[in-house]
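Novice: Supplied structure: structure_19.tsv, TSV, C-alpha atoms.
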```
chain	number	residue	atom	x	y	z
H	1	MET	CA	-56.88	28.90	-71.39
H	2	LYS	CA	-58.90	31.13	-69.09
H	3	LEU	CA	-57.19	34.32	-67.97
H	4	LEU	CA	-56.83	36.05	-64.62
H	5	SER	CA	-60.09	37.90	-64.11
H	6	SER	CA	-60.11	38.83	-60.45
H	7	LEU	CA	-59.45	42.43	-59.46
H	8	VAL	CA	-58.72	41.08	-56.00
H	9	ALA	CA	-55.92	38.99	-57.44
H	10	LEU	CA	-54.45	41.91	-59.34
H	11	SER	CA	-54.46	44.15	-56.30
H	12	SER	CA	-52.72	41.53	-54.20
H	13	ILE	CA	-49.70	40.93	-56.43
H	14	ALA	CA	-46.65	42.61	-54.94
H	15	SER	CA	-44.83	45.04	-57.21
H	16	ALA	CA	-41.35	46.39	-56.65
H	17	SER	CA	-41.78	49.37	-58.95
H	18	ALA	CA	-43.50	51.56	-56.35
H	19	GLN	CA	-41.15	50.73	-53.50
H	20	VAL	CA	-38.10	52.47	-52.13
H	21	CYS	CA	-35.18	50.22	-51.23
H	22	ASN	CA	-32.79	51.18	-48.46
H	23	ALA	CA	-30.14	49.72	-46.20
H	24	ASP	CA	-32.72	47.66	-44.34
H	25	ASN	CA	-32.73	45.40	-47.38
H	26	CYS	CA	-29.06	44.62	-46.94
H	27	LEU	CA	-29.82	43.41	-43.46
H	28	ARG	CA	-32.77	41.34	-44.61
H	29	GLY	CA	-30.87	39.85	-47.53
H	30	LEU	CA	-27.84	38.87	-45.50
H	31	ARG	CA	-30.06	36.98	-43.09
H	32	SER	CA	-30.97	34.53	-45.83
H	33	PRO	CA	-28.33	31.87	-46.60
H	34	GLU	CA	-29.54	31.61	-50.20
H	35	ARG	CA	-29.03	35.30	-50.85
H	36	ILE	CA	-25.80	36.15	-49.09
H	37	ALA	CA	-23.65	36.47	-52.25
H	38	GLU	CA	-26.23	38.59	-54.03
H	39	ALA	CA	-26.77	40.68	-50.93
H	40	ARG	CA	-23.09	41.35	-50.38
H	41	GLU	CA	-22.63	42.45	-53.97
H	42	PHE	CA	-25.53	44.88	-53.62
H	43	CYS	CA	-24.45	46.09	-50.20
H	44	GLY	CA	-20.93	46.67	-51.44
H	45	THR	CA	-22.11	49.47	-53.73
H	46	PHE	CA	-24.85	50.75	-51.44
H	47	THR	CA	-24.95	54.30	-50.15
H	48	THR	CA	-27.17	55.78	-47.47
H	49	ALA	CA	-29.39	57.34	-50.12
H	50	PRO	CA	-32.44	55.26	-51.09
H	51	VAL	CA	-32.16	53.29	-54.32
H	52	THR	CA	-35.21	54.03	-56.47
H	53	ALA	CA	-34.20	52.76	-59.92
H	54	THR	CA	-35.86	49.35	-60.11
H	55	ALA	CA	-33.36	48.17	-62.71
H	56	SER	CA	-30.61	48.29	-60.10
H	57	ILE	CA	-32.55	46.47	-57.40
H	58	PRO	CA	-31.71	42.77	-57.10
H	59	THR	CA	-34.45	40.21	-56.54
H	60	PHE	CA	-33.91	39.83	-52.81
H	61	ALA	CA	-34.10	43.59	-52.30
H	62	ALA	CA	-37.20	44.02	-54.42
H	63	GLN	CA	-38.94	41.39	-52.33
H	64	ALA	CA	-37.77	42.97	-49.10
H	65	CYS	CA	-39.10	46.32	-50.27
H	66	ALA	CA	-42.74	45.23	-50.14
H	67	GLY	CA	-44.25	47.09	-47.20
H	68	ASN	CA	-40.85	48.47	-46.13
H	69	THR	CA	-41.17	52.19	-45.40
H	70	ALA	CA	-38.17	52.62	-43.13
H	71	THR	CA	-35.63	55.32	-43.90
H	72	PRO	CA	-32.00	54.41	-44.60
H	73	THR	CA	-30.33	53.01	-41.53
H	74	THR	CA	-27.08	54.33	-40.09
H	75	SER	CA	-25.56	50.86	-39.68
H	76	VAL	CA	-22.67	49.93	-41.92
H	77	CYS	CA	-23.70	48.00	-45.01
H	78	GLY	CA	-20.69	46.71	-46.87
H	79	PRO	CA	-19.53	43.67	-48.82
H	80	ASP	CA	-18.19	42.04	-45.65
H	81	ALA	CA	-21.13	42.97	-43.47
H	82	SER	CA	-22.36	40.27	-41.12
H	83	TYR	CA	-25.74	40.44	-39.44
H	84	PRO	CA	-27.34	38.10	-36.92
H	85	ALA	CA	-29.58	35.42	-38.37
H	86	ILE	CA	-33.21	36.35	-38.44
H	87	SER	CA	-34.76	35.60	-35.08
H	88	LEU	CA	-37.69	33.26	-34.58
H	89	PRO	CA	-40.81	35.08	-33.40
H	90	SER	CA	-42.20	33.97	-30.06
H	91	GLY	CA	-44.66	31.12	-30.42
H	92	ALA	CA	-43.84	30.53	-34.11
H	93	PHE	CA	-43.59	26.76	-33.63
H	94	ASP	CA	-46.86	26.43	-31.71
H	95	LEU	CA	-49.71	24.44	-33.20
H	96	VAL	CA	-52.12	26.64	-35.18
H	97	GLY	CA	-54.69	26.10	-37.88
H	98	TYR	CA	-57.19	23.36	-38.52
H	99	ALA	CA	-55.36	20.78	-36.39
H	100	LYS	CA	-55.87	23.04	-33.38
H	101	GLU	CA	-59.24	24.66	-33.95
H	102	ASN	CA	-61.83	22.21	-35.23
H	103	PRO	CA	-65.09	20.65	-34.03
H	104	ILE	CA	-63.38	17.60	-32.50
H	105	GLY	CA	-60.58	19.20	-30.51
H	106	PRO	CA	-56.89	20.08	-30.84
H	107	VAL	CA	-54.25	17.54	-31.76
H	108	SER	CA	-52.30	16.30	-28.75
H	109	GLY	CA	-50.76	13.11	-30.14
H	110	GLY	CA	-49.27	10.89	-27.48
H	111	ALA	CA	-49.41	13.49	-24.70
H	112	GLY	CA	-50.22	11.92	-21.35
H	113	GLY	CA	-48.79	8.55	-22.31
H	114	PRO	CA	-45.32	6.99	-22.05
H	115	THR	CA	-42.40	7.50	-24.44
H	116	THR	CA	-40.62	4.69	-26.22
H	117	THR	CA	-37.45	4.91	-28.35
H	118	ILE	CA	-37.06	2.47	-31.24
H	119	THR	CA	-33.72	2.26	-33.01
H	120	ALA	CA	-33.41	0.78	-36.50
H	121	GLY	CA	-31.09	-2.09	-37.30
H	122	SER	CA	-32.91	-5.33	-36.57
H	123	THR	CA	-36.01	-7.31	-37.40
H	124	ALA	CA	-37.08	-6.85	-33.79
H	125	ALA	CA	-36.90	-3.09	-34.16
H	126	ASN	CA	-39.03	-3.25	-37.30
H	127	SER	CA	-41.65	-5.30	-35.47
H	128	ALA	CA	-41.57	-2.93	-32.50
H	129	LEU	CA	-42.23	0.10	-34.70
H	130	ILE	CA	-45.08	-1.61	-36.52
H	131	ALA	CA	-46.68	-2.57	-33.20
H	132	ALA	CA	-46.16	0.84	-31.61
H	133	VAL	CA	-48.25	2.71	-34.19
H	134	THR	CA	-51.35	0.58	-33.58
H	135	GLY	CA	-53.96	0.83	-30.83
H	136	ALA	CA	-55.60	3.84	-29.20
H	137	ASN	CA	-53.30	4.17	-26.19
H	138	PRO	CA	-51.46	7.53	-25.99
H	139	LEU	CA	-47.81	6.98	-26.91
H	140	THR	CA	-44.82	9.05	-28.00
H	141	ILE	CA	-42.54	7.08	-30.33
H	142	ILE	CA	-38.98	8.30	-30.90
H	143	VAL	CA	-37.66	6.90	-34.17
H	144	GLU	CA	-33.87	6.64	-34.48
H	145	GLY	CA	-31.96	5.48	-37.53
H	146	GLU	CA	-33.26	4.55	-40.97
H	147	PHE	CA	-36.20	2.20	-41.20
H	148	ALA	CA	-36.50	0.61	-44.65
H	149	LEU	CA	-39.36	-1.71	-43.81
H	150	PRO	CA	-40.25	-4.57	-46.17
H	151	ALA	CA	-43.79	-3.13	-46.44
H	152	ARG	CA	-45.47	0.21	-45.91
H	153	LEU	CA	-45.73	1.39	-42.31
H	154	ARG	CA	-49.46	1.61	-41.48
H	155	VAL	CA	-50.34	3.97	-38.66
H	156	ASN	CA	-53.84	2.71	-37.92
H	157	GLY	CA	-53.85	3.59	-34.25
H	158	SER	CA	-54.69	6.89	-32.60
H	159	ASN	CA	-53.22	9.28	-30.02
H	160	LYS	CA	-49.65	8.88	-31.25
H	161	SER	CA	-46.68	11.23	-31.59
H	162	ILE	CA	-44.15	9.82	-34.08
H	163	ILE	CA	-41.02	11.91	-33.69
H	164	GLY	CA	-37.65	11.56	-35.36
H	165	GLY	CA	-34.67	11.27	-33.09
H	166	LYS	CA	-31.07	10.83	-34.30
H	167	ASN	CA	-31.26	10.28	-38.08
H	168	GLY	CA	-34.91	9.28	-37.80
H	169	THR	CA	-35.85	8.19	-41.33
H	170	ILE	CA	-38.66	6.32	-43.07
H	171	ALA	CA	-37.34	5.05	-46.40
H	172	ARG	CA	-38.19	2.64	-49.22
H	173	ASN	CA	-41.92	2.00	-48.60
H	174	GLY	CA	-43.13	5.10	-46.80
H	175	MET	CA	-45.97	5.51	-44.33
H	176	THR	CA	-49.76	5.65	-44.40
H	177	LEU	CA	-51.96	7.09	-41.67
H	178	VAL	CA	-55.25	5.25	-42.13
H	179	ASN	CA	-58.49	5.25	-40.11
H	180	ALA	CA	-56.69	7.10	-37.32
H	181	THR	CA	-57.12	10.27	-35.31
H	182	ASN	CA	-54.97	12.58	-33.19
H	183	ILE	CA	-51.55	11.98	-34.74
H	184	ILE	CA	-48.37	14.09	-34.67
H	185	VAL	CA	-45.59	13.39	-37.20
H	186	GLN	CA	-42.53	15.49	-36.46
H	187	ASN	CA	-38.81	15.79	-37.25
H	188	LEU	CA	-38.74	12.73	-39.54
H	189	ARG	CA	-37.01	12.29	-42.88
H	190	PHE	CA	-38.97	10.56	-45.65
H	191	THR	CA	-37.05	9.66	-48.79
H	192	GLY	CA	-36.63	7.26	-51.69
H	193	VAL	CA	-40.16	5.82	-51.82
H	194	LEU	CA	-40.68	4.38	-55.30
H	195	ASP	CA	-44.11	4.19	-56.93
H	196	ASN	CA	-45.94	5.41	-53.82
H	197	ASP	CA	-46.27	8.46	-51.57
H	198	CYS	CA	-43.69	9.20	-48.91
H	199	MET	CA	-46.66	9.84	-46.63
H	200	THR	CA	-50.36	9.24	-47.24
H	201	ILE	CA	-53.09	10.45	-44.90
H	202	GLN	CA	-56.24	8.43	-45.56
H	203	ASN	CA	-59.60	8.64	-43.76
H	204	THR	CA	-57.78	10.21	-40.81
H	205	THR	CA	-58.62	13.28	-38.75
H	206	ARG	CA	-56.66	15.72	-36.58
H	207	VAL	CA	-53.08	15.44	-37.78
H	208	TRP	CA	-50.11	17.74	-37.28
H	209	VAL	CA	-47.28	17.24	-39.80
H	210	ASP	CA	-44.46	19.46	-38.57
H	211	HIS	CA	-40.75	20.01	-39.23
H	212	ASN	CA	-40.22	17.00	-41.48
H	213	ASP	CA	-37.99	16.57	-44.54
H	214	LEU	CA	-39.59	14.88	-47.57
H	215	SER	CA	-37.72	14.24	-50.83
H	216	SER	CA	-36.70	11.73	-53.48
H	217	ASN	CA	-34.10	12.76	-56.08
H	218	PRO	CA	-32.95	16.15	-57.42
H	219	ASN	CA	-33.15	15.00	-61.07
H	220	ILE	CA	-36.87	15.60	-61.23
H	221	ILE	CA	-37.03	16.41	-64.95
H	222	LYS	CA	-35.07	13.32	-65.94
H	223	ASN	CA	-37.02	11.03	-63.62
H	224	GLY	CA	-40.41	12.44	-64.60
H	225	PRO	CA	-43.65	12.48	-62.61
H	226	ASP	CA	-44.34	8.76	-62.28
H	227	LEU	CA	-41.16	7.14	-60.96
H	228	TYR	CA	-42.29	8.29	-57.52
H	229	ASP	CA	-45.73	9.40	-56.41
H	230	GLY	CA	-46.45	12.23	-53.96
H	231	LEU	CA	-44.45	13.50	-51.03
H	232	MET	CA	-47.56	13.91	-48.87
H	233	ASP	CA	-51.04	13.11	-50.20
H	234	VAL	CA	-54.25	13.56	-48.22
H	235	ILE	CA	-57.24	11.48	-49.32
H	236	ARG	CA	-60.58	9.84	-48.50
H	237	ALA	CA	-62.31	12.43	-46.32
H	238	SER	CA	-59.30	13.12	-44.11
H	239	ASP	CA	-59.81	16.33	-42.15
H	240	TRP	CA	-58.49	18.94	-39.69
H	241	ILE	CA	-54.80	18.87	-40.60
H	242	THR	CA	-51.95	21.36	-40.13
H	243	VAL	CA	-48.79	21.08	-42.23
H	244	SER	CA	-46.12	23.41	-40.87
H	245	TRP	CA	-42.40	24.17	-41.20
H	246	ASN	CA	-41.67	21.16	-43.45
H	247	TYR	CA	-39.05	20.98	-46.17
H	248	PHE	CA	-40.54	19.54	-49.38
H	249	HIS	CA	-37.84	19.23	-52.03
H	250	ASP	CA	-36.25	17.42	-54.97
H	251	HIS	CA	-39.37	15.64	-56.14
H	252	TYR	CA	-41.93	15.96	-58.92
H	253	LYS	CA	-45.45	15.69	-57.46
H	254	ALA	CA	-45.49	17.24	-54.00
H	255	SER	CA	-48.86	17.24	-52.21
H	256	LEU	CA	-52.25	16.20	-53.57
H	257	VAL	CA	-55.40	16.72	-51.53
H	258	GLY	CA	-58.25	14.59	-52.84
H	259	ASN	CA	-56.92	12.00	-55.26
H	260	ASN	CA	-59.87	11.41	-57.58
H	261	ASP	CA	-62.43	13.72	-59.16
H	262	GLN	CA	-64.99	10.90	-58.89
H	263	PHE	CA	-64.90	10.96	-55.07
H	264	ARG	CA	-67.04	14.05	-54.54
H	265	SER	CA	-69.50	12.19	-52.29
H	266	ILE	CA	-66.61	10.99	-50.11
H	267	ASP	CA	-64.46	14.12	-49.92
H	268	PHE	CA	-66.79	17.10	-50.21
H	269	GLY	CA	-67.10	18.92	-46.88
H	270	HIS	CA	-63.83	17.43	-45.62
H	271	LEU	CA	-60.15	18.02	-46.51
H	272	HIS	CA	-59.60	21.11	-44.33
H	273	LEU	CA	-55.85	21.76	-44.25
H	274	THR	CA	-53.55	24.56	-43.12
H	275	TYR	CA	-50.16	24.80	-44.85
H	276	HIS	CA	-47.86	27.40	-43.30
H	277	HIS	CA	-44.14	28.21	-43.28
H	278	ASN	CA	-43.21	25.27	-45.50
H	279	TYR	CA	-40.19	25.39	-47.79
H	280	TRP	CA	-40.98	24.02	-51.27
H	281	ARG	CA	-37.86	23.71	-53.45
H	282	ASN	CA	-37.07	22.01	-56.78
H	283	LEU	CA	-40.50	20.49	-57.35
H	284	GLY	CA	-42.71	19.95	-60.37
H	285	THR	CA	-46.39	20.21	-59.49
H	286	ARG	CA	-48.91	20.05	-56.61
H	287	GLY	CA	-47.93	22.50	-53.93
H	288	ASN	CA	-50.70	21.77	-53.06
H	289	ALA	CA	-53.23	20.57	-55.63
H	290	GLY	CA	-56.69	20.20	-54.14
H	291	ARG	CA	-60.15	18.84	-54.88
H	292	PHE	CA	-63.41	19.34	-52.96
H	293	GLY	CA	-61.87	20.76	-49.76
H	294	HIS	CA	-60.55	23.94	-48.16
H	295	GLN	CA	-56.83	24.70	-47.85
H	296	HIS	CA	-55.36	27.78	-46.20
H	297	LEU	CA	-51.83	28.45	-47.43
H	298	TYR	CA	-49.87	31.23	-45.78
H	299	ASN	CA	-46.22	32.25	-45.38
H	300	ASN	CA	-44.88	29.41	-47.53
H	301	TYR	CA	-41.72	29.88	-49.59
H	302	TYR	CA	-41.67	28.39	-53.11
H	303	LYS	CA	-38.35	28.24	-54.97
H	304	ASP	CA	-38.04	26.57	-58.38
H	305	PHE	CA	-41.51	25.01	-58.44
H	306	ARG	CA	-41.11	24.17	-62.12
H	307	TYR	CA	-44.56	23.88	-63.64
H	308	GLN	CA	-47.42	24.65	-61.30
H	309	ALA	CA	-47.45	25.24	-57.55
H	310	ILE	CA	-50.95	25.77	-56.10
H	311	HIS	CA	-53.78	24.23	-58.13
H	312	SER	CA	-57.39	24.44	-56.93
H	313	ARG	CA	-59.79	22.34	-59.02
H	314	SER	CA	-63.06	20.37	-58.79
H	315	ASP	CA	-64.81	22.93	-56.56
H	316	ASN	CA	-61.86	23.09	-54.16
H	317	GLN	CA	-61.30	26.37	-52.30
H	318	VAL	CA	-57.96	27.91	-51.32
H	319	LEU	CA	-57.12	30.99	-49.29
H	320	VAL	CA	-53.64	32.11	-50.32
H	321	GLU	CA	-51.79	34.83	-48.42
H	322	GLY	CA	-48.32	35.98	-47.49
H	323	ASN	CA	-46.50	33.45	-49.69
H	324	VAL	CA	-43.32	34.09	-51.72
H	325	PHE	CA	-42.53	32.52	-55.12
H	326	THR	CA	-39.06	32.76	-56.66
H	327	GLY	CA	-36.79	31.12	-59.19
H	328	ASP	CA	-37.99	28.88	-61.99
H	329	THR	CA	-41.66	28.81	-61.06
H	330	ARG	CA	-43.88	28.97	-64.13
H	331	GLU	CA	-47.28	29.21	-62.45
H	332	ALA	CA	-47.80	30.07	-58.81
H	333	LEU	CA	-51.57	29.63	-58.61
H	334	SER	CA	-54.35	28.38	-60.84
H	335	THR	CA	-58.04	27.56	-60.44
H	336	TYR	CA	-58.43	26.46	-64.05
H	337	GLY	CA	-59.58	22.85	-63.85
H	338	LEU	CA	-57.19	21.43	-66.43
H	339	VAL	CA	-54.68	19.01	-64.93
H	340	ILE	CA	-51.69	20.17	-66.93
H	341	PRO	CA	-49.95	17.59	-69.13
H	342	GLU	CA	-46.70	17.99	-67.19
H	343	ASP	CA	-48.53	16.71	-64.12
H	344	SER	CA	-49.80	13.42	-65.57
H	345	PRO	CA	-48.43	12.98	-69.10
H	346	ASN	CA	-49.25	9.28	-69.18
H	347	THR	CA	-52.99	9.89	-68.99
H	348	SER	CA	-53.31	12.45	-71.78
H	349	PRO	CA	-50.76	14.48	-73.74
H	350	LEU	CA	-53.16	17.45	-73.58
H	351	GLY	CA	-53.89	17.18	-69.87
H	352	ASP	CA	-57.05	16.03	-68.09
H	353	PHE	CA	-60.05	18.30	-67.83
H	354	GLU	CA	-61.85	18.82	-64.52
H	355	ILE	CA	-64.15	21.61	-63.42
H	356	ASP	CA	-62.54	24.74	-62.01
H	357	GLY	CA	-61.78	25.42	-58.37
H	358	TYR	CA	-61.86	28.66	-56.39
H	359	ALA	CA	-59.24	30.93	-54.86
H	360	ASN	CA	-59.18	34.00	-52.66
H	361	LEU	CA	-56.15	36.12	-51.89
H	362	GLY	CA	-55.80	37.45	-48.36
H	363	ALA	CA	-52.67	39.27	-47.24
H	364	THR	CA	-50.35	40.26	-50.10
H	365	ASN	CA	-48.39	37.50	-51.81
H	366	ASP	CA	-45.15	37.97	-53.75
H	367	PHE	CA	-45.74	35.99	-56.93
H	368	GLY	CA	-42.49	37.23	-58.50
H	369	GLY	CA	-42.67	36.58	-62.23
H	370	SER	CA	-44.85	33.50	-61.89
H	371	GLY	CA	-48.27	33.19	-63.49
H	372	VAL	CA	-51.54	33.58	-61.59
H	373	ASN	CA	-54.76	32.32	-63.18
H	374	ILE	CA	-57.82	32.79	-60.96
H	375	THR	CA	-60.94	31.90	-62.92
H	376	GLN	CA	-63.29	31.86	-59.92
H	377	VAL	CA	-63.23	33.73	-56.63
H	378	GLY	CA	-64.70	31.65	-53.82
H	379	ASN	CA	-66.30	32.35	-50.46
H	380	PHE	CA	-63.31	31.14	-48.42
H	381	THR	CA	-62.16	34.64	-47.53
H	382	THR	CA	-61.19	34.23	-43.86
H	383	ALA	CA	-59.67	31.34	-41.95
H	384	PRO	CA	-61.87	30.29	-39.01
H	385	TYR	CA	-59.04	30.40	-36.47
H	386	SER	CA	-56.42	32.75	-35.09
H	387	TYR	CA	-52.92	32.91	-36.59
H	388	THR	CA	-50.09	35.40	-37.00
H	389	LEU	CA	-48.72	36.29	-40.42
H	390	SER	CA	-44.97	36.80	-40.74
H	391	PRO	CA	-43.94	39.95	-42.65
H	392	LEU	CA	-43.78	39.10	-46.33
H	393	ALA	CA	-40.17	40.29	-46.64
H	394	ASP	CA	-39.09	37.94	-43.85
H	395	VAL	CA	-40.74	34.79	-45.22
H	396	PRO	CA	-37.79	33.42	-47.27
H	397	ALA	CA	-35.23	33.88	-44.50
H	398	LEU	CA	-37.54	32.54	-41.78
H	399	VAL	CA	-38.65	29.50	-43.73
H	400	VAL	CA	-35.21	28.52	-45.05
H	401	ARG	CA	-33.63	28.84	-41.62
H	402	TYR	CA	-36.31	27.23	-39.45
H	403	SER	CA	-38.06	24.59	-41.59
H	404	GLY	CA	-37.13	20.93	-41.76
H	405	LEU	CA	-35.14	18.75	-39.37
H	406	GLY	CA	-33.30	19.62	-36.21
H	407	LYS	CA	-34.98	22.95	-35.55
H	408	LEU	CA	-37.12	22.07	-32.53
```
Write the structure described by the file as structure tokens, please.
Specialist:
Amino acid sequence: MKLLSSLVALSSIASASAQVCNADNCLRGLRSPERIAEAREFCGTFTTAPVTATASIPTFAAQACAGNTATPTTSVCGPDASYPAISLPSGAFDLVGYAKENPIGPVSGGAGGPTTTITAGSTAANSALIAAVTGANPLTIIVEGEFALPARLRVNGSNKSIIGGKNGTIARNGMTLVNATNIIVQNLRFTGVLDNDCMTIQNTTRVWVDHNDLSSNPNIIKNGPDLYDGLMDVIRASDWITVSWNYFHDHYKASLVGNNDQFRSIDFGHLHLTYHHNYWRNLGTRGNAGRFGHQHLYNNYYKDFRYQAIHSRSDNQVLVEGNVFTGDTREALSTYGLVIPEDSPNTSPLGDFEIDGYANLGATNDFGGSGVNITQVGNFTTAPYSYTLSPLADVPALVVRYSGLGKL
């Protein structure tokens, strides 16, 4: 296997050994629901003097130390300390990235058109939903209840906002956006789609996928990679897409961009995606895996991404910055072209060989103990739009608290 060869990559990997941890880390840790027990144990023995012995610094504190130069605070930091939840920065939920700044124009969905609410529970409701997502007329569709349609929901219209209302769920057969443009998918749950993607975006441009919950089953190792397909796959020259504040979890293959290495003539020059502030938890591979395109991934939080998170192959380019990787995550980032055998064991027990991709590291990432294998540095060094990076130490707490359903 090729080894990490980029000095840029080495300089961008956060290290706790040179940091000084202080009481600010108690505050940061207690803001994160996943770390409250660990934080309280640490805070219970904390003194106002900085802690410099890395062996005594728990994981949450080591991550919070990156870039933290504050002196010890005077606030009480004890085992029963309670701090306000981390606040949401102004404008954090606004549309940014490729879905906003592109040659066609920003995504607006159904803005300017009427709003219709469709509630699951009848054949008539199924027919109404299927009809609503067709045509070019601007329309906002509020989806309430669980729709387990007898066939896949095909969004082949344009200028639509598909927004989950009370228990808004697409189950069983999933959804495909095909030959469409200007679509918003927001606050919907996608789950339990066998032998297909929860959501597929095909030959579609200008899409904003925001604050959704996509999953299948927590027993990902037992179920393996092929019982389900992807959570959200983007294929066939789709372009200008932002994927923000979603909760991807309990699934094997998460998000594939470009689904065939033989489709260079179709996909090359397309597949521009922004992934930011998404929560990826208990997944196997593809967070994302990309071919032939450009993906900008920033301020995402990866927890227990078992085998391989970001994979750039077949001349794909990724710009990776301000992301945090924790837990059982074997490899955070690779540009080595091999499709690892854990990803598609039914095709070859040794994996499938493709040509390498490219990666550049922008703002510092926290790769934790996960592997990084950059074989080629690309020319995608700066995103062609404006955006605001969250402080690296705040990423886990922000993403866990504000991603997924019911946060808008």
Novice: Out of H:Val257, H:Val155, H:Val234, H:Ala92, which residue has the shortest atom-to-atom distance to Asn182 in chain H when counting all atoms listed in the file?
Specialist: H:Val155
Novice: Considering all atoms listed in the file, can you say which of H:Asn223, H:Asn288, H:Thr274, H:Asn126 comes closest to Ala254 in chain H?
Specialist: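 When distances to Ala254 in chain H are compared using all atoms listed in the file, the smallest one comes from H:Asn288.
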Novice: Using 3 Å of padding on each side, determine the axis-aligned box around all atoms of range 310-329 of chain H present in the file and give its centre and edge lengths in Å to one decimal, as AutoDock Vina command-line options.
Specialist:
```
--center_x -50.8 --center_y 28.2 --center_z -54.7 --size_x 34.0 --size_y 21.6 --size_z 20.5
```
Novice: Residues within 7 Å of Ser334 in chain H, please, as a list in words. Count all atoms listed in the file; anything in the same chain fewer than 3 positions from it doesn't count.
Specialist: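 Once the nearby chain positions are removed, what remains is Ile310, His311, Ser312, Val372, Asn373 and Ile374 of chain H.
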Novice: Quick one, how far is CA of Phe292 in chain H from CA of Gln317 in chain H?
Specialist: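 Pair CA of Phe292 in chain H / CA of Gln317 in chain H returns 7.4 Å.
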Novice: H:Leu149, H:Ile141, H:Leu271, H:Val178: which is nearest Val318 in chain H, counting all atoms listed in the file?
Specialist: H:Leu271
Novice: If I take CA of Gly290 in chain H and CA of Ser265 in chain H, how far is one from the other in Å, to one decimal?
Specialist: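 Atom-to-atom, CA of Gly290 in chain H and CA of Ser265 in chain H are spaced 15.2 Å apart.
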Novice: To one decimal place in Å, what is the distance between CA of Val339 in chain H and CA of Gly351 in chain H?
Specialist: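 Value for the CA of Val339 in chain H-CA of Gly351 in chain H distance: 5.3 Å.
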Novice: List as JSON, numbers by chain the protein and nucleic acid residues near Val324 in chain H, meaning an atom at most 8 Å away when all atoms listed in the file are counted, but skip any in the same chain fewer than 4 places from it.
Specialist: {"H": [299, 300, 301, 302, 365, 366, 367, 368, 392, 395, 396]}
Novice: Considering only C-alpha atoms, state which residue in the set H:Asn323, H:Thr204, H:Thr329, H:Asn159 is at the smallest distance from Asp394 in chain H.
Specialist: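 Under the stated criterion, the closest residue is H:Asn323.
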Novice: Tell me which of H:Arg189, H:Lys100, H:His272, H:Lys160 sits closest to His294 in chain H, counting all atoms listed in the file.
Specialist: H:His272
Novice: Of the residues H:Asn196, H:Arg401, H:Thr388, H:Tyr298, which is the one nearest to Leu361 in chain H, using only C-alpha atoms?
Specialist: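 Selected residue with least distance to Leu361 in chain H: H:Tyr298.
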